[in-house]
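Q: The structure's right below; bear with me while I get my questions together.
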Amino acid sequence: MATTYEPIATYTSAGTTGITFTSFSGYTDLILIANGFESAGAYAVCRVNSDTGSNYSRLALRGNSSGATSAKVANETSWFPDLAMNPAGTILQFMNYSNATTYKTMLARFNDNAGTTAVQINMWRNTNAITTISLASSGGGSTLSGTFTLYGIKAA
Amino acid sequence: MIANQIAGLMGVSALAVGDYHSIATANGTGSSGTITFSSIPATYKHLQIRGIGRSSQSANYSFTYLRLNTDSGSNYSAHELVGNGTSPSSAGAATQVWGWAGYSGAQTNANNFGAFVIDILDYADTNKYKTVRSLTGYDANGVGAVAMESTGWRNTVAVTSVSLILDTFNFSTGTTFALYGIK
């Protein structure tokens with residue numbers, strides 16, 4: 001039987017300003033698992049297709065020992081995981097990423113070392129297929145460290 | 001080693017190659033508010049449905065329901081934890097005629113689809129009631145919702161069909177759901 005859920009690429013880094021995944025054609029969904037930290041304790045940023053325009057938005061539900069909150073941001077220039085990577089485990093699910101008719105939706109889950117857990121819905125307002133996925137540090141000389149693995153899921 | 005690290009992160013045992021199988025794909029036609037996966041074999045441990053949905057409703061979103069084995073009796077209970085971008089909320093209901101799958105996009109926002117990752121745990125086990133959980137949401141650039149849904153189906157029979165349902169509206173073309181079996 002053909003492999004349905006398979007690893008595409010893995011980056012392991014002890015300090016990089018960013019990584020980019022390419023060459024992932026032929027799948028239905030993509031799952032990016034990032035387990036690491038951002039050296040400034042800040043957010044990592046995620047972009048697709050190198051788009052730096054204000055075409056991203058997100059909405060989060062978070063909880064920690066103080067309670068639950070929800071927040072949203074529109075017209076951003078990237079996706080933020082809405083959680084400081086200090087360190088953190090994140091699972092980003094890019095749904096139906098290769099169609100050319102819908103805005104692209106990404107579901108995410110986050111858990112960080114400081115005791116916060118979150119789920120987040122993200123949208124890229126572009127109907128183009130996603131062809132690259134980039135993670136980057138927050139800037140100012142900070143870096144990302146950890147293991148970043150991209151998986152592809154192929155529907156019948 | 002990486003598989004074990006990732007498995008530890010996800011809280012599951014490491015998968016062997018070939019443990020996650022694609023069973024079927026179903027698409028919205030614009031003329032029906034029900035999408036059904038039927039004749040599901042009992043050869044897996046769990047099921048997962050992944051997809052994006054959009055409704056014909058003139059609204060920001062349409063809530064999407066689910067039924068197992070076409071059971072329309074009052075045999076479901078459901079709960080949710082939701083964030084709308086302003087505040088969190090929760091809800092629950094017993095003795096329902098369907099379970100809660102989550103959020104489809106709708107006509108107010110162009111090209112906007114809701115996303116679903118739905119897990120049906122131990123679906124073929126005839127010794128327990130069935131549990132369904134869903135991670136779902138839609139985002140329309142300033143309006144939206146993200147939620148964790150949970151459904152209990154008070155029936156011990158094996159699940160052989162799963163239906164995703166819009167109440168009085170139709171799934172738009174572009175809607176697509178894929179069913180996977182996990183061994």
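Ordering of the structure tokens sets the chain letters (A, B, ...); residue numbers start at 1 within each chain; ligands are numbered from 1 in the order shown.
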Pull out every residue of chain B that has at least one atom within 7 Å of chain A, counting only C-alpha atoms, and report them as a ChimeraX atom specification.

A: /B:9,18,20-25,51,83-88,111-112,115,137-139,141-142,144-146,178

Q: Those residues with C-alpha atoms, as a short mmCIF file (atom, residue, chain, number, x, y, z; two decimals), in the first residue's frame please?

A:
data_model
loop_
_atom_site.label_atom_id
_atom_site.label_comp_id
_atom_site.auth_asym_id
_atom_site.auth_seq_id
_atom_site.Cartn_x
_atom_site.Cartn_y
_atom_site.Cartn_z
CA LEU B 9 5.44 15.33 21.76
CA GLY B 18 1.95 1.86 6.80
CA TYR B 20 -1.96 5.41 8.65
CA HIS B 21 -4.13 4.57 5.65
CA SER B 22 -6.25 6.69 3.35
CA ILE B 23 -9.75 5.16 3.11
CA ALA B 24 -11.85 7.61 1.09
CA THR B 25 -12.39 11.24 0.07
CA GLY B 51 -10.84 18.49 5.70
CA GLY B 83 -12.31 31.11 21.43
CA ASN B 84 -13.81 33.86 19.28
CA GLY B 85 -10.83 36.16 19.38
CA THR B 86 -12.26 38.22 22.22
CA SER B 87 -13.11 35.77 24.98
CA PRO B 88 -13.15 32.03 25.65
CA ASN B 111 -12.88 31.90 -0.48
CA ASN B 112 -13.13 31.19 3.24
CA ALA B 115 -10.85 23.44 8.93
CA GLY B 137 -11.96 26.64 13.34
CA TYR B 138 -12.36 29.33 10.75
CA ASP B 139 -10.61 32.67 10.41
CA ASN B 141 -9.36 38.17 8.93
CA GLY B 142 -10.80 39.70 12.07
CA GLY B 144 -13.65 33.68 13.45
CA ALA B 145 -13.57 30.91 16.00
CA VAL B 146 -11.24 28.12 17.07
CA ALA B 178 -10.73 12.71 3.72
#

Q: As JSON, numbers by chain, please: every residue in stretch 7-164 of chain B that a backbone DSSP assignment puts in strand (DSSP E or B).

A: {"B": [20, 21, 22, 23, 24, 25, 26, 27, 34, 35, 36, 37, 46, 47, 48, 49, 50, 51, 52, 53, 54, 55, 61, 62, 63, 64, 65, 66, 67, 68, 76, 77, 78, 79, 80, 81, 82, 83, 88, 89, 90, 91, 92, 93, 94, 95, 96, 99, 100, 101, 102, 103, 104, 105, 114, 115, 116, 117, 118, 119, 120, 121, 130, 131, 132, 133, 134, 135, 136, 137, 138, 139, 144, 145, 146, 147, 148, 149, 150, 151, 152, 153, 162, 163, 164]}

Q: Atom CA of A:Ile19 and atom CA of A:Thr52, how far apart in Å?

A: 15.5 Å

Q: Give me, as number ranges by chain, all polymer residues having an atom no more than 6 Å from stretch 73-78 of chain B, counting only C-alpha atoms and skipping those fewer than 2 positions away in the same chain.

A: B: 71, 92-99, 150-154

Q: Filtering to C-alpha atoms, could you give me those residues as an mmCIF file, in the first residue's frame?

A:
data_model
loop_
_atom_site.group_PDB
_atom_site.id
_atom_site.type_symbol
_atom_site.label_atom_id
_atom_site.label_comp_id
_atom_site.auth_asym_id
_atom_site.auth_seq_id
_atom_site.Cartn_x
_atom_site.Cartn_y
_atom_site.Cartn_z
ATOM 1 C CA ASP B 71 -28.274 7.388 13.979
ATOM 2 C CA GLY B 92 -22.323 21.386 26.514
ATOM 3 C CA ALA B 93 -25.495 19.507 25.716
ATOM 4 C CA ALA B 94 -26.862 16.093 26.534
ATOM 5 C CA THR B 95 -29.384 13.934 24.717
ATOM 6 C CA GLN B 96 -28.717 15.420 21.314
ATOM 7 C CA VAL B 97 -29.658 14.066 17.877
ATOM 8 C CA TRP B 98 -26.158 14.710 16.559
ATOM 9 C CA GLY B 99 -22.614 15.380 17.682
ATOM 10 C CA SER B 150 -16.011 16.507 22.000
ATOM 11 C CA THR B 151 -18.883 14.124 21.271
ATOM 12 C CA GLY B 152 -20.050 10.991 23.021
ATOM 13 C CA TRP B 153 -22.261 8.479 21.175
ATOM 14 C CA ARG B 154 -24.099 6.152 23.521
#

Q: So how far away is atom CA of B:Ala106 from atom CA of B:Thr70, in Å?

A: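 Computed distance, atom CA of B:Thr70 to atom CA of B:Ala106, equals 24.8 Å.
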
Q: Could you check how far atom CA of B:Ser72 sits from atom CA of B:Ala147, in Å to one decimal?

A: 23.9 Å

Q: Give me the residues near B:Tyr65 as a PDB file with all heavy atoms, in the first residue's frame, where near means some atom within 9 Å (using only C-alpha atoms) and where sequence neighbours in that chain fewer than 6 positions away do not count.

A:
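To be explicit, this is the file written out as out_26.pdb:
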ATOM      1  N   TRP B  98     -27.417  14.758  17.303  1.00  0.00           N
ATOM      2  CA  TRP B  98     -26.158  14.710  16.559  1.00  0.00           C
ATOM      3  C   TRP B  98     -25.013  15.207  17.421  1.00  0.00           C
ATOM      4  O   TRP B  98     -25.217  15.847  18.452  1.00  0.00           O
ATOM      5  CB  TRP B  98     -26.210  15.461  15.247  1.00  0.00           C
ATOM      6  CG  TRP B  98     -26.898  16.804  15.292  1.00  0.00           C
ATOM      7  CD1 TRP B  98     -26.964  17.686  16.339  1.00  0.00           C
ATOM      8  CD2 TRP B  98     -27.607  17.409  14.222  1.00  0.00           C
ATOM      9  NE1 TRP B  98     -27.693  18.793  15.989  1.00  0.00           N
ATOM     10  CE2 TRP B  98     -28.084  18.656  14.687  1.00  0.00           C
ATOM     11  CE3 TRP B  98     -27.892  17.043  12.896  1.00  0.00           C
ATOM     12  CZ2 TRP B  98     -28.830  19.513  13.873  1.00  0.00           C
ATOM     13  CZ3 TRP B  98     -28.633  17.895  12.109  1.00  0.00           C
ATOM     14  CH2 TRP B  98     -29.086  19.115  12.597  1.00  0.00           C
ATOM     15  N   GLY B  99     -23.794  14.884  16.993  1.00  0.00           N
ATOM     16  CA  GLY B  99     -22.614  15.380  17.682  1.00  0.00           C
ATOM     17  C   GLY B  99     -22.127  16.658  17.024  1.00  0.00           C
ATOM     18  O   GLY B  99     -22.685  17.135  16.041  1.00  0.00           O
ATOM     19  N   TRP B 100     -21.089  17.229  17.605  1.00  0.00           N
ATOM     20  CA  TRP B 100     -20.552  18.511  17.161  1.00  0.00           C
ATOM     21  C   TRP B 100     -19.219  18.321  16.468  1.00  0.00           C
ATOM     22  O   TRP B 100     -18.250  17.859  17.082  1.00  0.00           O
ATOM     23  CB  TRP B 100     -20.393  19.463  18.359  1.00  0.00           C
ATOM     24  CG  TRP B 100     -21.678  19.808  19.041  1.00  0.00           C
ATOM     25  CD1 TRP B 100     -22.935  19.474  18.644  1.00  0.00           C
ATOM     26  CD2 TRP B 100     -21.822  20.544  20.250  1.00  0.00           C
ATOM     27  NE1 TRP B 100     -23.856  19.968  19.532  1.00  0.00           N
ATOM     28  CE2 TRP B 100     -23.206  20.626  20.525  1.00  0.00           C
ATOM     29  CE3 TRP B 100     -20.923  21.153  21.140  1.00  0.00           C
ATOM     30  CZ2 TRP B 100     -23.707  21.291  21.646  1.00  0.00           C
ATOM     31  CZ3 TRP B 100     -21.423  21.806  22.257  1.00  0.00           C
ATOM     32  CH2 TRP B 100     -22.799  21.873  22.500  1.00  0.00           C
ATOM     33  N   ALA B 101     -19.146  18.685  15.192  1.00  0.00           N
ATOM     34  CA  ALA B 101     -17.902  18.548  14.436  1.00  0.00           C
ATOM     35  C   ALA B 101     -17.109  19.854  14.382  1.00  0.00           C
ATOM     36  O   ALA B 101     -15.882  19.838  14.442  1.00  0.00           O
ATOM     37  CB  ALA B 101     -18.193  18.058  13.020  1.00  0.00           C
ATOM     38  N   GLY B 102     -17.815  20.982  14.209  1.00  0.00           N
ATOM     39  CA  GLY B 102     -17.080  22.244  14.218  1.00  0.00           C
ATOM     40  C   GLY B 102     -17.558  23.250  13.193  1.00  0.00           C
ATOM     41  O   GLY B 102     -18.725  23.264  12.827  1.00  0.00           O
ATOM     42  N   SER B 163     -21.254  10.712   9.105  1.00  0.00           N
ATOM     43  CA  SER B 163     -21.851  11.767   8.283  1.00  0.00           C
ATOM     44  C   SER B 163     -21.521  13.126   8.873  1.00  0.00           C
ATOM     45  O   SER B 163     -21.628  13.335  10.088  1.00  0.00           O
ATOM     46  CB  SER B 163     -23.372  11.609   8.216  1.00  0.00           C
ATOM     47  OG  SER B 163     -23.730  10.387   7.614  1.00  0.00           O
ATOM     48  N   LEU B 164     -21.140  14.043   8.024  1.00  0.00           N
ATOM     49  CA  LEU B 164     -20.956  15.447   8.402  1.00  0.00           C
ATOM     50  C   LEU B 164     -22.143  16.209   7.828  1.00  0.00           C
ATOM     51  O   LEU B 164     -22.467  16.043   6.641  1.00  0.00           O
ATOM     52  CB  LEU B 164     -19.627  15.967   7.868  1.00  0.00           C
ATOM     53  CG  LEU B 164     -18.412  15.247   8.451  1.00  0.00           C
ATOM     54  CD1 LEU B 164     -17.165  15.583   7.676  1.00  0.00           C
ATOM     55  CD2 LEU B 164     -18.236  15.600   9.909  1.00  0.00           C
ATOM     56  N   ILE B 165     -22.778  17.051   8.645  1.00  0.00           N
ATOM     57  CA  ILE B 165     -24.089  17.579   8.289  1.00  0.00           C
ATOM     58  C   ILE B 165     -24.176  19.073   8.556  1.00  0.00           C
ATOM     59  O   ILE B 165     -23.783  19.548   9.636  1.00  0.00           O
ATOM     60  CB  ILE B 165     -25.181  16.862   9.107  1.00  0.00           C
ATOM     61  CG1 ILE B 165     -25.109  15.345   8.883  1.00  0.00           C
ATOM     62  CG2 ILE B 165     -26.569  17.393   8.769  1.00  0.00           C
ATOM     63  CD1 ILE B 165     -25.899  14.547   9.900  1.00  0.00           C
ATOM     64  N   LEU B 166     -24.713  19.801   7.593  1.00  0.00           N
ATOM     65  CA  LEU B 166     -25.103  21.196   7.786  1.00  0.00           C
ATOM     66  C   LEU B 166     -26.621  21.230   7.959  1.00  0.00           C
ATOM     67  O   LEU B 166     -27.345  20.592   7.193  1.00  0.00           O
ATOM     68  CB  LEU B 166     -24.699  22.051   6.586  1.00  0.00           C
ATOM     69  CG  LEU B 166     -23.200  22.196   6.331  1.00  0.00           C
ATOM     70  CD1 LEU B 166     -22.959  22.934   5.012  1.00  0.00           C
ATOM     71  CD2 LEU B 166     -22.540  22.946   7.480  1.00  0.00           C
ATOM     72  N   ASP B 167     -27.092  21.973   8.909  1.00  0.00           N
ATOM     73  CA  ASP B 167     -28.518  22.032   9.189  1.00  0.00           C
ATOM     74  C   ASP B 167     -29.180  23.012   8.226  1.00  0.00           C
ATOM     75  O   ASP B 167     -29.036  24.221   8.362  1.00  0.00           O
ATOM     76  CB  ASP B 167     -28.729  22.462  10.637  1.00  0.00           C
ATOM     77  CG  ASP B 167     -30.186  22.363  11.043  1.00  0.00           C
ATOM     78  OD1 ASP B 167     -30.977  21.726  10.306  1.00  0.00           O
ATOM     79  OD2 ASP B 167     -30.538  22.916  12.091  1.00  0.00           O
TER      80      ASP B 167
END

Q: What's the 7 Å shell around B:Tyr44, counting only C-alpha atoms, without same-chain residues fewer than 5 positions away, as a PyMOL selection string?

A: chain B and resi 181-183

Q: Given the choices A:Gly36, A:Gly141, A:Gly15, A:Gly26, which gets closest to A:Phe110 if the distance is worked out from only C-alpha atoms?

A: A:Gly36

Q: B:Thr136, B:Asn170, B:Asn155, B:Ser56: which is nearest B:Ala124, counting only C-alpha atoms?

A: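 With only C-alpha atoms as the atom set, the closest residue is B:Asn155.
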
Q: Which is closer to A:Ser138 than all the others in A:Thr116, A:Ser78, A:Ser65, A:Asn49, using only C-alpha atoms?

A: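 Checking each of A:Thr116, A:Ser78, A:Ser65, A:Asn49 against A:Ser138, counting only C-alpha atoms, the winner is A:Ser78.
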